[in-house]
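A.B. asks: Take a look at this one; I'll ask things after.
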Number of protein chains: 2
Amino acid sequence: MHGFNKKIGVLGGGQLGKMLAIAAANWHQPIHFLDQSADYPAGPFASGFTEGDFNEYTPVYHFGKTMDVLTIEIEHVNTHALHQLKAEGVKVHPQPAALEIIKDKGVQKLFLEKHGFPTPAFQFFDDEFLLAAAISAGSIRFPFVQKLLTSGYDGRGVAVIQGVADTEKLLPGQCLIESFVPIYKELSVIVARNEYGQTAVFPPVEMEFNAEANLMERLICPADIGPNICRKAEKMAVELMEAFDICGLLAVEMFLDEQETLFVNEVAPRPHNSGHHTIESCFTSQFEQHLRAILNLPLGSTRLKSPSVMVNLLGEPDHEGVAKYLGLEKCLRMEGVYLHLYGKQKTKPYRKMGHATILDTDINAARRKADFISETIKIIA
Amino acid sequence: MHGFNKKIGVLGGGQLGKMLAIAAANWHQPIHFLDQSADYPAGPFASGFTEGDFNEYTPVYHFGKTMDVLTIEIEHVNTHALHQLKAEGVKVHPQPAALEIIKDKGVQKLFLEKHGFPTPAFQFFDDEFLLAAAISAGSIRFPFVQKLLTSGYDGRGVAVIQGVADTEKLLPGQCLIESFVPIYKELSVIVARNEYGQTAVFPPVEMEFNAEANLMERLICPADIGPNICRKAEKMAVELMEAFDICGLLAVEMFLDEQETLFVNEVAPRPHNSGHHTIESCFTSQFEQHLRAILNLPLGSTRLKSPSVMVNLLGEPDHEGVAKYLGLEKCLRMEGVYLHLYGKQKTKPYRKMGHATILDTDINAARRKADFISETIKIIA
């Protein structure tokens, strides 16, 4: 149709895909999805939705073969098919070799180490028994973080082990353990890159976690860090993207310790929960930016229009079943509150069901509105 | 699904419907459309699209019967069916009696006059021959504006007659003529109202027209008028909405003359071209506001986040056929430029194919960017 009218395929049809589809809608840019069910969040806004498993070679290959540009909203996809598609001339962003590094947390750590990016010290274990044995032998320092090498997403596959009593919380499977960095702040920086090598960095954000669910619960933008840390974090994110040599987005989660040392925690080569606020708070949203990057268009300005706070709307802990939403209306009364509901039919404890972004020139006022939203909106079964 | 989860039906599936669907997407709010073809702009983003003619009783009735709330994106629809649906308990916003007043420009003028709203003097003619005869008899003062009573939309059905030589430009059919107000500025004010009677007014905007196409070409927000005129214009818009007793949106186009007198030109009870800039420039967009109003939710803040200029992207005058877009990439390089393409397959001279909104704290910088966009983007066949 128009100058940048290519057929985009996305592996994964969840909320990230949905928000990508909404960004594409502004340009009437065709965007197709591959995921298990067209009832998933992206379904109603897709130019086409193919039902299939993005972990399998055949569906990914056949889906990708009909696209001009293929991208992802989750990194746990079949990369063999992506290599083949790339060899056959389909543009694949991010490139499959980088995906293979990133989707295995062990390989990702080795990559960070090899390229000189600071990251917490780590150690591999073939399974939880060997790790338990090492704990019994007294060779492990507490506290530590156990991360399964694969299938970690949305807080799954990560356990914080405080002491011997926590040994029963160890997750089963191949894993690594990381020494516990005394965290002053957790930051996230999202960077974009197109095929020309143009990069653009969104302002660093500060993340606050729900310890129980190990999920980001709230995000503050801009992060309350000095200009030096800010520049360092941005520079590190750009260098990482260039090291991975990918196009699209890279979200880099970082730890900042009390000594103002930055560590890379982990990366995701796609739109990220820590960038949802950009829809309203930046000149370009992370979703439009991802489209620009993979279509090799000029990247948009990442400048902040307004300070913002983002809260995830999580399923209530004790509820599982068809979702009901309480308290939405009350939150719509407040100025600068933007509700995003993902349309997942069923809620589960701590499931990400939506998010709210709050714009306010006074960040403390925005925090108070976020408190009110967290207390008021309940997603129950 | 959620607290405000009603099934919305919209008569008309053009660009206004499309942008309403995008606003509904944020809440995963079901929204269905009735229009001739699912290839129309709203098609890809609809929860459901029924192909049919919204001018006919049967399709409107059957479509509406399956909805909780029925609304419009064009006023030229079958109101008999709407009356029946309303009687049967479907919520119809705006109410059909008001639609009947508004969709006939003659009845609309009489309504304005009856309720004491200032509007240019007018005179009815049963057809163009009687009007021509009156011109020949010398009883008509030039210049004047001829408006067909029905089917006027997007500049169709309106002719500006400067003198006797223009008589050949008279449009055929029942019409009214309006005395020509010496216009200092053309303004538009959009107001929202929900079932509780809560109202909220968007800041008045200034419109600049393409004389050839008689279409708004550019919009400036906020309008460069003093606070008194601003308050008067806002008050008039609210009073009009209350006089029509409707829920949803009302766009009021006004003339301001050199003596700072305000006249109502005409009204539209729906999202309006003069409100597109609100997507990026106001705390709440006109589309989300329309949803809030018809769902009887609290209205959102209409406060301006940034000054803005909106330009329509019109089909080139000499081109008709499958649309091609030139110059889009160059415009994406500028900060604060938001492109909206409606996805119409075919272009026609002056057809509204999209729009661009420019945010800039410096309104003159925004104007220069708008100039660049108008010069750069060409939609050809």
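Numbering starts fresh at 1 for the residues of each chain in the structure tokens, the chains themselves are lettered A, B, ... in the order given, and ligands are numbered from 1 as they appear.
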Among stretch 25-273 of chain A, which residues does DSSP mark as alpha helix (DSSP H) when it is run on the backbone? Keep the chain and numbering as in the structure and answer as an NGL selection string.

C.D. replies: :A and (25-26 or 57-65 or 79-87 or 96-103 or 105-114 or 128-136 or 227-244)

A.B. asks: Residues of chain B near chain A: apply a cut-off of 8 Å, count only C-alpha atoms, and supply the list as a PyMOL selection string.

C.D. replies: chain B and resi 1-4+22+25-28+44-47+283-284+297-301+323-329+332-336+339-343+345

A.B. asks: Got a sec: who's within 9 Å of A:Phe124, counting only C-alpha atoms, leaving out chain neighbours fewer than 5 positions off, as a list in words?

C.D. replies: Gly106, Leu131, Gln174, Cys175, Leu176 and Ile177 of chain A

A.B. asks: Determine, counting only C-alpha atoms, which protein, DNA and RNA residues have an atom within 9 Å of an atom of B:Gly64; residues of the same chain fewer than 6 positions away are not included. Present the result as a PyMOL selection string.

C.D. replies: chain B and resi 9-11+70+81-82+85+90+92

A.B. asks: I need the chosen residues saved as an mmCIF file, in the first residue's frame, with C-alpha atoms.

C.D. replies:
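Now in out.cif:
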data_model
loop_
_atom_site.group_PDB
_atom_site.id
_atom_site.type_symbol
_atom_site.label_atom_id
_atom_site.label_comp_id
_atom_site.auth_asym_id
_atom_site.auth_seq_id
_atom_site.Cartn_x
_atom_site.Cartn_y
_atom_site.Cartn_z
ATOM 1 C CA GLY B 9 -22.214 -1.174 17.498
ATOM 2 C CA VAL B 10 -21.166 1.615 15.146
ATOM 3 C CA LEU B 11 -22.983 2.682 11.989
ATOM 4 C CA LEU B 70 -25.374 1.768 19.243
ATOM 5 C CA ALA B 81 -34.566 1.787 12.713
ATOM 6 C CA LEU B 82 -32.828 3.690 15.502
ATOM 7 C CA LEU B 85 -34.209 -0.055 18.541
ATOM 8 C CA VAL B 90 -31.023 -0.648 22.904
ATOM 9 C CA VAL B 92 -28.741 4.717 21.024
#

A.B. asks: Excluding B:Gln259 and residues on its chain fewer than 2 positions from it, collect all residues at most 12 Å away from it, counting only C-alpha atoms, and give them as a list in words.

C.D. replies: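 The contact residues come out as Val181, Pro182, Ile183, Tyr184, Lys185, Ile229, Phe255, Leu256, Asp257, Thr261, Leu262 and Phe263 of chain B.
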
A.B. asks: Give me a file of those residues, with all heavy atoms, as a tab-separated table (two decimals), in the first residue's frame.

C.D. replies:
chain	number	residue	atom	x	y	z
B	181	VAL	N	-20.72	35.34	6.09
B	181	VAL	CA	-20.18	36.07	7.24
B	181	VAL	C	-18.72	36.41	6.95
B	181	VAL	O	-17.96	35.54	6.53
B	181	VAL	CB	-20.26	35.20	8.51
B	181	VAL	CG1	-19.55	35.87	9.67
B	181	VAL	CG2	-21.70	34.88	8.87
B	182	PRO	N	-18.31	37.67	7.11
B	182	PRO	CA	-16.89	37.99	6.90
B	182	PRO	C	-16.09	37.32	8.02
B	182	PRO	O	-16.10	37.78	9.15
B	182	PRO	CB	-16.82	39.51	7.00
B	182	PRO	CG	-18.23	39.98	7.20
B	182	PRO	CD	-19.06	38.82	7.61
B	183	ILE	N	-15.48	36.21	7.67
B	183	ILE	CA	-14.88	35.35	8.68
B	183	ILE	C	-13.49	35.82	9.08
B	183	ILE	O	-12.63	36.04	8.23
B	183	ILE	CB	-14.81	33.90	8.17
B	183	ILE	CG1	-16.23	33.36	7.94
B	183	ILE	CG2	-14.06	33.01	9.16
B	183	ILE	CD1	-16.26	32.05	7.20
B	184	TYR	N	-13.31	35.97	10.39
B	184	TYR	CA	-11.99	36.27	10.91
B	184	TYR	C	-11.28	34.94	11.18
B	184	TYR	O	-10.15	34.73	10.78
B	184	TYR	CB	-12.13	37.13	12.16
B	184	TYR	CG	-10.87	37.32	12.95
B	184	TYR	CD1	-9.70	37.78	12.33
B	184	TYR	CD2	-10.86	37.05	14.31
B	184	TYR	CE1	-8.54	37.94	13.07
B	184	TYR	CE2	-9.70	37.23	15.05
B	184	TYR	CZ	-8.54	37.66	14.43
B	184	TYR	OH	-7.40	37.82	15.17
B	185	LYS	N	-11.99	34.04	11.83
B	185	LYS	CA	-11.45	32.70	12.09
B	185	LYS	C	-12.59	31.68	12.02
B	185	LYS	O	-13.73	31.99	12.37
B	185	LYS	CB	-10.83	32.62	13.48
B	185	LYS	CG	-9.46	33.27	13.59
B	185	LYS	CD	-8.95	33.21	15.02
B	185	LYS	CE	-7.70	34.06	15.22
B	185	LYS	NZ	-6.51	33.66	14.47
B	229	ILE	N	-13.44	34.91	24.27
B	229	ILE	CA	-14.02	34.20	23.12
B	229	ILE	C	-13.99	32.70	23.39
B	229	ILE	O	-14.94	31.98	23.10
B	229	ILE	CB	-13.19	34.48	21.84
B	229	ILE	CG1	-13.07	35.98	21.56
B	229	ILE	CG2	-13.77	33.74	20.64
B	229	ILE	CD1	-14.32	36.61	21.07
B	255	PHE	N	-18.07	30.25	13.26
B	255	PHE	CA	-17.37	31.38	12.64
B	255	PHE	C	-17.16	32.44	13.70
B	255	PHE	O	-18.05	32.69	14.51
B	255	PHE	CB	-18.23	32.02	11.53
B	255	PHE	CG	-18.56	31.11	10.39
B	255	PHE	CD1	-19.87	31.06	9.89
B	255	PHE	CD2	-17.59	30.34	9.79
B	255	PHE	CE1	-20.19	30.23	8.82
B	255	PHE	CE2	-17.89	29.51	8.71
B	255	PHE	CZ	-19.20	29.46	8.23
B	256	LEU	N	-16.01	33.08	13.63
B	256	LEU	CA	-15.77	34.26	14.45
B	256	LEU	C	-15.54	35.41	13.49
B	256	LEU	O	-14.69	35.30	12.59
B	256	LEU	CB	-14.52	34.03	15.32
B	256	LEU	CG	-14.11	35.16	16.26
B	256	LEU	CD1	-15.13	35.36	17.37
B	256	LEU	CD2	-12.72	34.88	16.86
B	257	ASP	N	-16.32	36.49	13.61
B	257	ASP	CA	-16.11	37.60	12.67
B	257	ASP	C	-15.20	38.65	13.29
B	257	ASP	O	-14.75	38.51	14.44
B	257	ASP	CB	-17.44	38.16	12.15
B	257	ASP	CG	-18.18	38.97	13.22
B	257	ASP	OD1	-17.62	39.20	14.31
B	257	ASP	OD2	-19.34	39.35	12.95
B	261	THR	N	-17.88	38.39	17.05
B	261	THR	CA	-19.16	37.71	17.22
B	261	THR	C	-18.99	36.26	16.78
B	261	THR	O	-18.34	35.99	15.77
B	261	THR	CB	-20.26	38.37	16.37
B	261	THR	OG1	-20.29	39.76	16.70
B	261	THR	CG2	-21.62	37.74	16.64
B	262	LEU	N	-19.54	35.35	17.56
B	262	LEU	CA	-19.49	33.92	17.23
B	262	LEU	C	-20.79	33.50	16.56
B	262	LEU	O	-21.88	33.88	17.00
B	262	LEU	CB	-19.31	33.09	18.49
B	262	LEU	CG	-17.91	32.97	19.09
B	262	LEU	CD1	-17.99	32.31	20.46
B	262	LEU	CD2	-17.00	32.16	18.16
B	263	PHE	N	-20.69	32.72	15.49
B	263	PHE	CA	-21.85	32.13	14.83
B	263	PHE	C	-21.67	30.62	14.80
B	263	PHE	O	-20.56	30.14	14.58
B	263	PHE	CB	-21.95	32.62	13.37
B	263	PHE	CG	-22.15	34.10	13.24
B	263	PHE	CD1	-21.06	34.96	13.20
B	263	PHE	CD2	-23.43	34.63	13.12
B	263	PHE	CE1	-21.24	36.33	13.07
B	263	PHE	CE2	-23.62	35.99	12.99
B	263	PHE	CZ	-22.52	36.85	12.97

A.B. asks: Got a sec: who's within 6 Å of A:Glu253, counting only C-alpha atoms, leaving out chain neighbours fewer than 6 positions off, as a short mmCIF file (atom, residue, chain, number, x, y, z; two decimals) with N, CA, C and O atoms, in the first residue's frame?

C.D. replies:
data_model
loop_
_atom_site.label_atom_id
_atom_site.label_comp_id
_atom_site.auth_asym_id
_atom_site.auth_seq_id
_atom_site.Cartn_x
_atom_site.Cartn_y
_atom_site.Cartn_z
N LEU A 187 17.17 -1.11 37.10
CA LEU A 187 16.90 -0.20 35.98
C LEU A 187 16.60 -1.02 34.72
O LEU A 187 16.96 -2.20 34.63
N SER A 188 15.97 -0.36 33.79
CA SER A 188 15.82 -0.98 32.48
C SER A 188 16.04 0.10 31.43
O SER A 188 15.59 1.24 31.58
N ASN A 265 21.66 -7.47 34.23
CA ASN A 265 20.93 -8.61 34.77
C ASN A 265 20.56 -9.54 33.62
O ASN A 265 21.12 -10.62 33.49
N GLU A 266 19.66 -9.10 32.77
CA GLU A 266 19.39 -9.89 31.57
C GLU A 266 18.79 -9.01 30.49
O GLU A 266 18.44 -7.86 30.75
N VAL A 267 18.69 -9.56 29.29
CA VAL A 267 18.22 -8.77 28.16
C VAL A 267 17.06 -9.47 27.47
O VAL A 267 16.89 -10.68 27.59
#

A.B. asks: Please indicate the distance in Å from atom CA of B:Val201 to atom CA of B:Gly275, rounded to one decimal place.

C.D. replies: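 Taking atom CA of B:Val201 and atom CA of B:Gly275, their separation equals 11.3 Å.
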
A.B. asks: By how many Å are atom CA of B:Met236 and atom CA of B:Ser285 apart?

C.D. replies: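 Atom-to-atom, atom CA of B:Met236 to atom CA of B:Ser285, that is 21.1 Å.
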
A.B. asks: Between atom CA of A:Asp318 and atom CA of A:Ile380, what is the spacing in Å?

C.D. replies: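 Distance between the two atoms: 8.1 Å.
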
A.B. asks: Leaving out stretch 155-169 of chain B and any residue of its chain fewer than 4 positions from it, which residues lie within 12 Å of it when counting only C-alpha atoms, given as number ranges by chain?

C.D. replies: B: 104-105, 128-151, 173-181, 209-217, 273, 350-352

A.B. asks: Write the selection just made, keeping N, CA and C atoms, as a compact mmCIF listing (two decimals), in the first residue's frame?

C.D. replies:
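After the write, out_37.txt holds the following:
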# COMPACT_ATOMS: atom_id res chain seq x y z
N ASP B 104 -30.41 16.89 8.53
CA ASP B 104 -30.99 17.80 7.53
C ASP B 104 -30.55 19.22 7.88
N LYS B 105 -29.72 19.80 7.02
CA LYS B 105 -29.13 21.10 7.38
C LYS B 105 -30.17 22.19 7.56
N GLU B 128 -32.51 24.18 -7.37
CA GLU B 128 -31.53 25.15 -7.86
C GLU B 128 -32.14 26.11 -8.88
N PHE B 129 -33.25 25.70 -9.52
CA PHE B 129 -33.87 26.57 -10.53
C PHE B 129 -34.53 27.77 -9.85
N LEU B 130 -35.22 27.48 -8.76
CA LEU B 130 -35.86 28.58 -8.02
C LEU B 130 -34.80 29.52 -7.46
N LEU B 131 -33.68 28.93 -7.02
CA LEU B 131 -32.58 29.76 -6.51
C LEU B 131 -32.02 30.62 -7.64
N ALA B 132 -31.83 30.00 -8.82
CA ALA B 132 -31.31 30.74 -9.98
C ALA B 132 -32.26 31.87 -10.36
N ALA B 133 -33.55 31.58 -10.28
CA ALA B 133 -34.56 32.59 -10.60
C ALA B 133 -34.46 33.77 -9.63
N ALA B 134 -34.28 33.45 -8.36
CA ALA B 134 -34.14 34.52 -7.35
C ALA B 134 -32.90 35.35 -7.60
N ILE B 135 -31.83 34.67 -8.05
CA ILE B 135 -30.60 35.41 -8.39
C ILE B 135 -30.88 36.35 -9.57
N SER B 136 -31.52 35.80 -10.61
CA SER B 136 -31.85 36.61 -11.79
C SER B 136 -32.71 37.81 -11.42
N ALA B 137 -33.62 37.58 -10.47
CA ALA B 137 -34.52 38.66 -10.05
C ALA B 137 -33.80 39.69 -9.19
N GLY B 138 -32.52 39.41 -8.89
CA GLY B 138 -31.72 40.38 -8.14
C GLY B 138 -32.05 40.43 -6.66
N SER B 139 -32.73 39.39 -6.16
CA SER B 139 -33.11 39.44 -4.74
C SER B 139 -32.10 38.75 -3.81
N ILE B 140 -30.99 38.31 -4.37
CA ILE B 140 -29.99 37.61 -3.54
C ILE B 140 -28.70 38.43 -3.48
N ARG B 141 -28.17 38.59 -2.29
CA ARG B 141 -26.91 39.33 -2.13
C ARG B 141 -25.72 38.39 -2.26
N PHE B 142 -24.72 38.76 -3.02
CA PHE B 142 -23.49 37.98 -3.14
C PHE B 142 -22.47 38.51 -2.13
N PRO B 143 -21.47 37.71 -1.74
CA PRO B 143 -21.41 36.26 -1.98
C PRO B 143 -22.34 35.52 -1.02
N PHE B 144 -22.66 34.28 -1.36
CA PHE B 144 -23.43 33.47 -0.42
C PHE B 144 -22.95 32.02 -0.50
N VAL B 145 -23.39 31.24 0.47
CA VAL B 145 -23.03 29.83 0.50
C VAL B 145 -24.30 29.02 0.26
N GLN B 146 -24.24 28.13 -0.73
CA GLN B 146 -25.37 27.23 -0.95
C GLN B 146 -25.09 25.89 -0.28
N LYS B 147 -26.06 25.39 0.49
CA LYS B 147 -25.87 24.09 1.15
C LYS B 147 -27.06 23.19 0.81
N LEU B 148 -26.77 22.02 0.27
CA LEU B 148 -27.85 21.05 0.08
C LEU B 148 -28.34 20.60 1.45
N LEU B 149 -29.65 20.32 1.54
CA LEU B 149 -30.20 20.02 2.87
C LEU B 149 -29.70 18.68 3.41
N THR B 150 -29.50 17.70 2.51
CA THR B 150 -29.06 16.39 3.00
C THR B 150 -27.83 15.93 2.24
N SER B 151 -27.24 14.85 2.73
CA SER B 151 -26.09 14.21 2.07
C SER B 151 -24.84 15.07 2.00
N GLY B 173 -30.75 20.47 -6.25
CA GLY B 173 -31.52 19.88 -5.16
C GLY B 173 -32.02 20.90 -4.15
N GLN B 174 -32.79 20.37 -3.20
CA GLN B 174 -33.31 21.20 -2.10
C GLN B 174 -32.15 21.78 -1.34
N CYS B 175 -32.23 23.08 -1.07
CA CYS B 175 -31.04 23.70 -0.46
C CYS B 175 -31.43 24.89 0.40
N LEU B 176 -30.42 25.36 1.10
CA LEU B 176 -30.57 26.66 1.75
C LEU B 176 -29.38 27.50 1.32
N ILE B 177 -29.58 28.80 1.37
CA ILE B 177 -28.42 29.66 1.16
C ILE B 177 -28.20 30.48 2.42
N GLU B 178 -26.93 30.70 2.68
CA GLU B 178 -26.55 31.43 3.89
C GLU B 178 -25.83 32.69 3.49
N SER B 179 -26.13 33.78 4.19
CA SER B 179 -25.36 34.99 3.91
C SER B 179 -23.92 34.72 4.36
N PHE B 180 -23.01 35.35 3.66
CA PHE B 180 -21.59 35.12 3.85
C PHE B 180 -21.11 35.98 5.03
N VAL B 181 -20.72 35.34 6.09
CA VAL B 181 -20.18 36.07 7.24
C VAL B 181 -18.72 36.41 6.95
N PHE B 209 -8.96 26.15 5.75
CA PHE B 209 -9.63 25.35 4.73
C PHE B 209 -8.89 25.32 3.41
N ASN B 210 -9.11 24.23 2.71
CA ASN B 210 -8.71 24.13 1.31
C ASN B 210 -9.91 24.60 0.51
N ALA B 211 -9.79 25.79 -0.09
CA ALA B 211 -10.95 26.42 -0.74
C ALA B 211 -11.46 25.56 -1.89
N GLU B 212 -10.53 24.96 -2.64
CA GLU B 212 -10.94 24.17 -3.79
C GLU B 212 -11.81 22.98 -3.40
N ALA B 213 -11.37 22.27 -2.35
CA ALA B 213 -12.08 21.06 -1.95
C ALA B 213 -13.13 21.36 -0.89
N ASN B 214 -13.14 22.61 -0.39
CA ASN B 214 -14.02 22.99 0.71
C ASN B 214 -13.88 22.01 1.88
N LEU B 215 -12.66 21.63 2.15
CA LEU B 215 -12.34 20.69 3.21
C LEU B 215 -11.36 21.33 4.17
N MET B 216 -11.51 21.01 5.44
CA MET B 216 -10.51 21.48 6.38
C MET B 216 -9.18 20.87 5.99
N GLU B 217 -8.18 21.70 5.88
CA GLU B 217 -6.88 21.18 5.48
C GLU B 217 -5.94 21.13 6.69
N ASN B 273 -13.27 15.34 12.40
CA ASN B 273 -11.95 15.64 11.84
C ASN B 273 -11.22 16.71 12.65
N TYR B 350 -8.69 14.97 -3.57
CA TYR B 350 -9.04 15.54 -2.27
C TYR B 350 -9.66 14.53 -1.30
N ARG B 351 -9.58 13.25 -1.60
CA ARG B 351 -10.12 12.28 -0.65
C ARG B 351 -9.25 12.28 0.61
N LYS B 352 -9.91 12.19 1.77
CA LYS B 352 -9.16 12.13 3.03
C LYS B 352 -8.55 10.75 3.17

A.B. asks: Counting only C-alpha atoms, which of B:Ala237, B:Leu250, B:Leu291, B:Met207 gets nearest to B:Val69?

C.D. replies: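 Going through B:Ala237, B:Leu250, B:Leu291, B:Met207 one by one, the smallest distance to B:Val69 is for B:Leu291.
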
A.B. asks: Among the residues of stretch 154-378 of chain B, find those DSSP assigns to strand (DSSP E) from the backbone and print them as a PyMOL selection string.

C.D. replies: chain B and resi 158-161+175-179+183-193+199-201+205-210+215-221+248-257+262-268+308-314+321-322+324-326+337-341+346-347+352-359+378
